[in-house]
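Scroll down for the structure; my scribbles are underneath it.
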Amino acid sequence: MATEFRHAFIFDLDGVITDTAALHLAAWHELALALGLPFNNAMGERLKGVSRMESLELILGARAGQYSNEQKMRLADRKNAAYVRLLARITSADLLPGAVEALKAVRASGLGLALASASKNALAVLDRLQITGLFDHVVDANQVRHGKPDPEIFLRAAQALGVAPGRCVGVEDAVAGVQAIRSAGMFAVGVGSRSVLFEADRVIPDLTHFHPTDYLR
């Protein structure tokens, strides 16, 4: 019999549980330099929580029309190869402060727990961090048609958990992710800067400040 949860938490991965966001940005930066395109901190912020192909479009900018769809796919694959190369270095030591404690607190409270990641390599990351078993369900970019800020990935996670969106709490570090959570009709917890994540219902600086019961409605 499937477990029934009254409430559930749905976490983003990159920048929330581990800093693979930095690896993604390093891989995109490498590609941008190879193409002779600018890449700065502002661009890095725009890419947070955005799908691979949408990120590529942002980086190409006005030059996007110069590439065929096939060429864009090759560029995206090139970026992913660079990311996977960097990913091989990750261990459980790369978990962000408070991450494991936050996930275990959700589990200990008898609440549903899912991952909603824009990364197609989410399962590989969880395995390297040795935390795959903490999640009831994992939804990644391989399973959805629309990336954040579209709410699809959070709605799929809620459906997999069997919990109504209004009884779910989403945890994100990116503007696009917070927007996706809100669009899904969930309570949004932003992890990071209040000035950036002002659309979230609650903002905490990091997961050391996370307490599941603070966000249940």
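Just so we're on the same page: first chain in the structure tokens is A, next is B, and so on; residues restart at 1 for each chain, and ligands are numbered from 1 in the order they show up.
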Would you mind listing, for every residue of segment 102-147 of chain A within 8 Å of segment 49-57 of chain A, the two atoms forming the shortest contact and the distance between them in Å to one decimal, using only C-alpha atoms, sorted by chain and ascending residue number, as a tab-separated table?
residue	atom	partner	partner_atom	distance
A:Ser117	CA	A:Gly49	CA	7.9
A:Ala118	CA	A:Ser51	CA	5.6
A:Ser119	CA	A:Ser51	CA	7.2
A:Ala141	CA	A:Ser51	CA	7.4
A:Gly147	CA	A:Ser51	CA	5.4
Write the residues of the preceding selection, restricted to N, CA and C atoms, as a JSON list (two decimals), in the first residue's frame.
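That gives us part-v7.json:
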[["chain", "number", "residue", "atom", "x", "y", "z"],
["A", 117, "SER", "N", 14.40, 18.83, -9.53],
["A", 117, "SER", "CA", 15.63, 19.43, -10.03],
["A", 117, "SER", "C", 15.61, 19.65, -11.53],
["A", 118, "ALA", "N", 16.09, 20.82, -11.95],
["A", 118, "ALA", "CA", 16.19, 21.13, -13.37],
["A", 118, "ALA", "C", 17.34, 20.38, -14.03],
["A", 119, "SER", "N", 18.15, 19.71, -13.23],
["A", 119, "SER", "CA", 19.30, 18.97, -13.76],
["A", 119, "SER", "C", 18.90, 17.60, -14.28],
["A", 141, "ALA", "N", 14.77, 16.87, -14.88],
["A", 141, "ALA", "CA", 14.48, 17.43, -16.20],
["A", 141, "ALA", "C", 14.18, 16.36, -17.25],
["A", 147, "GLY", "N", 10.52, 23.64, -18.26],
["A", 147, "GLY", "CA", 11.41, 23.96, -17.15],
["A", 147, "GLY", "C", 10.85, 25.06, -16.27]]
Long-range neighbours of Leu35 of chain A as an NGL selection string, 12 Å cut-off, only C-alpha atoms, 6 positions minimum in chain: :A and (28-29 or 56 or 59-60 or 63-64 or 67 or 75 or 78-79)
Serialized selection, N, CA and C atoms, as a PDB file, in the first residue's frame:
ATOM      1  N   TRP A  28      29.154  26.222 -18.034  1.00  0.00           N
ATOM      2  CA  TRP A  28      28.619  27.207 -18.983  1.00  0.00           C
ATOM      3  C   TRP A  28      29.663  28.271 -19.303  1.00  0.00           C
ATOM      4  N   HIS A  29      30.408  28.693 -18.301  1.00  0.00           N
ATOM      5  CA  HIS A  29      31.453  29.692 -18.499  1.00  0.00           C
ATOM      6  C   HIS A  29      32.496  29.180 -19.485  1.00  0.00           C
ATOM      7  N   LEU A  56      21.172  27.754 -22.590  1.00  0.00           N
ATOM      8  CA  LEU A  56      21.964  27.949 -23.803  1.00  0.00           C
ATOM      9  C   LEU A  56      21.442  29.132 -24.606  1.00  0.00           C
ATOM     10  N   ILE A  59      22.601  32.329 -23.055  1.00  0.00           N
ATOM     11  CA  ILE A  59      24.024  32.579 -23.274  1.00  0.00           C
ATOM     12  C   ILE A  59      24.295  33.021 -24.712  1.00  0.00           C
ATOM     13  N   LEU A  60      23.636  32.374 -25.654  1.00  0.00           N
ATOM     14  CA  LEU A  60      23.831  32.736 -27.064  1.00  0.00           C
ATOM     15  C   LEU A  60      23.272  34.117 -27.364  1.00  0.00           C
ATOM     16  N   ARG A  63      22.952  35.923 -30.825  1.00  0.00           N
ATOM     17  CA  ARG A  63      23.554  34.994 -31.789  1.00  0.00           C
ATOM     18  C   ARG A  63      22.814  33.666 -31.874  1.00  0.00           C
ATOM     19  N   ALA A  64      21.758  33.510 -31.091  1.00  0.00           N
ATOM     20  CA  ALA A  64      21.034  32.238 -31.064  1.00  0.00           C
ATOM     21  C   ALA A  64      20.529  31.834 -32.443  1.00  0.00           C
ATOM     22  N   TYR A  67      22.564  29.554 -35.026  1.00  0.00           N
ATOM     23  CA  TYR A  67      22.788  28.125 -34.802  1.00  0.00           C
ATOM     24  C   TYR A  67      21.527  27.325 -35.106  1.00  0.00           C
ATOM     25  N   LEU A  75      26.037  21.820 -28.683  1.00  0.00           N
ATOM     26  CA  LEU A  75      26.603  22.739 -27.694  1.00  0.00           C
ATOM     27  C   LEU A  75      26.139  22.373 -26.284  1.00  0.00           C
ATOM     28  N   ARG A  78      27.978  19.431 -25.159  1.00  0.00           N
ATOM     29  CA  ARG A  78      29.354  19.821 -24.830  1.00  0.00           C
ATOM     30  C   ARG A  78      29.416  20.399 -23.409  1.00  0.00           C
ATOM     31  N   LYS A  79      28.444  21.242 -23.097  1.00  0.00           N
ATOM     32  CA  LYS A  79      28.374  21.791 -21.734  1.00  0.00           C
ATOM     33  C   LYS A  79      28.175  20.678 -20.723  1.00  0.00           C
TER      34      LYS A  79
END
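Among the candidate residues A:Leu96, A:Val138, A:Ala160, A:Leu47, the one lying nearest to Pro205 of chain A is A:Leu96, with distances computed using only C-alpha atoms.
Closest approach to Thr213 of chain A among A:Lys72, A:His7, A:Arg156, A:Arg182: A:His7, based on only C-alpha atoms.
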Sel. of strand (DSSP E) residues, segment 139-172 of chain A, as a PyMOL selection string: chain A and resi 139+168-172
Contacts of Ala158 of chain A at 12 Å (only C-alpha atoms; same-chain gap of 5+ positions) as number ranges by chain: A: 4-11, 112-116, 136-139, 151-153, 163-170, 181, 184-186
What would the file look like if the residues just selected were written as a PDB file, in the first residue's frame with C-alpha atoms?
ATOM      1  CA  GLU A   4      -0.133   8.652   2.377  1.00  0.00           C
ATOM      2  CA  PHE A   5       1.335  11.959   3.508  1.00  0.00           C
ATOM      3  CA  ARG A   6      -0.689  14.826   4.912  1.00  0.00           C
ATOM      4  CA  HIS A   7       2.008  17.350   3.992  1.00  0.00           C
ATOM      5  CA  ALA A   8       5.149  17.202   1.885  1.00  0.00           C
ATOM      6  CA  PHE A   9       8.342  19.089   1.153  1.00  0.00           C
ATOM      7  CA  ILE A  10       9.822  19.367  -2.331  1.00  0.00           C
ATOM      8  CA  PHE A  11      13.455  20.466  -2.500  1.00  0.00           C
ATOM      9  CA  GLY A 112       6.618  13.357   2.259  1.00  0.00           C
ATOM     10  CA  LEU A 113       9.931  14.308   0.675  1.00  0.00           C
ATOM     11  CA  ALA A 114      10.695  14.769  -3.013  1.00  0.00           C
ATOM     12  CA  LEU A 115      13.347  16.369  -5.178  1.00  0.00           C
ATOM     13  CA  ALA A 116      12.471  18.666  -8.089  1.00  0.00           C
ATOM     14  CA  ASP A 136      10.410   9.293  -1.555  1.00  0.00           C
ATOM     15  CA  HIS A 137      10.481  10.512  -5.162  1.00  0.00           C
ATOM     16  CA  VAL A 138      12.880  12.280  -7.508  1.00  0.00           C
ATOM     17  CA  VAL A 139      11.626  14.340 -10.443  1.00  0.00           C
ATOM     18  CA  PRO A 151       5.247  24.720 -12.237  1.00  0.00           C
ATOM     19  CA  GLU A 152       5.196  21.321 -14.004  1.00  0.00           C
ATOM     20  CA  ILE A 153       8.118  19.783 -12.111  1.00  0.00           C
ATOM     21  CA  VAL A 163      -0.220  15.229  -1.782  1.00  0.00           C
ATOM     22  CA  ALA A 164      -2.320  18.195  -2.929  1.00  0.00           C
ATOM     23  CA  PRO A 165      -0.174  21.178  -4.033  1.00  0.00           C
ATOM     24  CA  GLY A 166      -1.700  23.344  -1.324  1.00  0.00           C
ATOM     25  CA  ARG A 167      -0.253  20.984   1.284  1.00  0.00           C
ATOM     26  CA  CYS A 168       3.251  21.084  -0.200  1.00  0.00           C
ATOM     27  CA  VAL A 169       6.193  23.309   0.643  1.00  0.00           C
ATOM     28  CA  GLY A 170       8.793  23.992  -2.039  1.00  0.00           C
ATOM     29  CA  ILE A 181       6.512  26.904  -6.564  1.00  0.00           C
ATOM     30  CA  ALA A 184       1.989  25.467  -8.423  1.00  0.00           C
ATOM     31  CA  GLY A 185      -0.015  26.817  -5.492  1.00  0.00           C
ATOM     32  CA  MET A 186       2.551  25.773  -2.895  1.00  0.00           C
TER      33      MET A 186
END
Non-local contacts of Ser109 of chain A (8 Å; only C-alpha atoms; under 3 positions in same chain excluded) as a list of chain:residue names: A:Ala105, A:Val106, A:Pro212
Kindly export the residues of the current selection with N, CA and C atoms, as a PDB file, in the first residue's frame.
ATOM      1  N   ALA A 105      15.032  15.862   9.133  1.00  0.00           N
ATOM      2  CA  ALA A 105      13.967  16.430   9.965  1.00  0.00           C
ATOM      3  C   ALA A 105      12.609  16.232   9.302  1.00  0.00           C
ATOM      4  N   VAL A 106      12.574  16.379   7.979  1.00  0.00           N
ATOM      5  CA  VAL A 106      11.330  16.135   7.241  1.00  0.00           C
ATOM      6  C   VAL A 106      10.924  14.678   7.388  1.00  0.00           C
ATOM      7  N   PRO A 212      10.909  22.189   9.628  1.00  0.00           N
ATOM      8  CA  PRO A 212       9.708  21.829   8.857  1.00  0.00           C
ATOM      9  C   PRO A 212       8.405  22.414   9.384  1.00  0.00           C
TER      10      PRO A 212
END
Alpha helix (DSSP H) call set, DSSP backbone run, segment 7-152 of chain A, as JSON, numbers by chain: {"A": [20, 21, 22, 23, 24, 25, 26, 27, 28, 29, 30, 31, 32, 33, 34, 35, 41, 42, 43, 44, 45, 46, 47, 52, 53, 54, 55, 56, 57, 58, 59, 60, 69, 70, 71, 72, 73, 74, 75, 76, 77, 78, 79, 80, 81, 82, 83, 84, 85, 86, 87, 99, 100, 101, 102, 103, 104, 105, 106, 107, 108, 122, 123, 124, 125, 126, 127, 128, 129, 152]}
List the neighbours of Lys48 of chain A out to 9 Å using only C-alpha atoms; skip same-chain residues closer than 4 positions along the sequence, and give me the result as a compact mmCIF listing (two decimals) with C-alpha atoms, in the first residue's frame.
# COMPACT_ATOMS: atom_id res chain seq x y z
CA ASP A 14 21.48 22.83 -7.08
CA GLY A 15 22.31 25.61 -4.65
CA ALA A 21 25.13 25.26 -9.17
CA LEU A 25 28.10 27.83 -14.01
CA GLY A 44 25.04 33.38 -13.76
CA SER A 55 20.24 28.40 -20.46
CA ASP A 173 17.38 29.14 -4.13
CA ALA A 174 16.51 30.51 -7.57
CA VAL A 175 13.98 33.14 -8.66
CA ALA A 176 12.66 30.84 -11.41
CA GLY A 177 12.23 28.07 -8.86
Residue neighbourhood Ala200 of chain A, 8 Å, only C-alpha atoms, exclusion window fewer than 5 positions, as number ranges by chain: A: 178-179, 182, 187-190
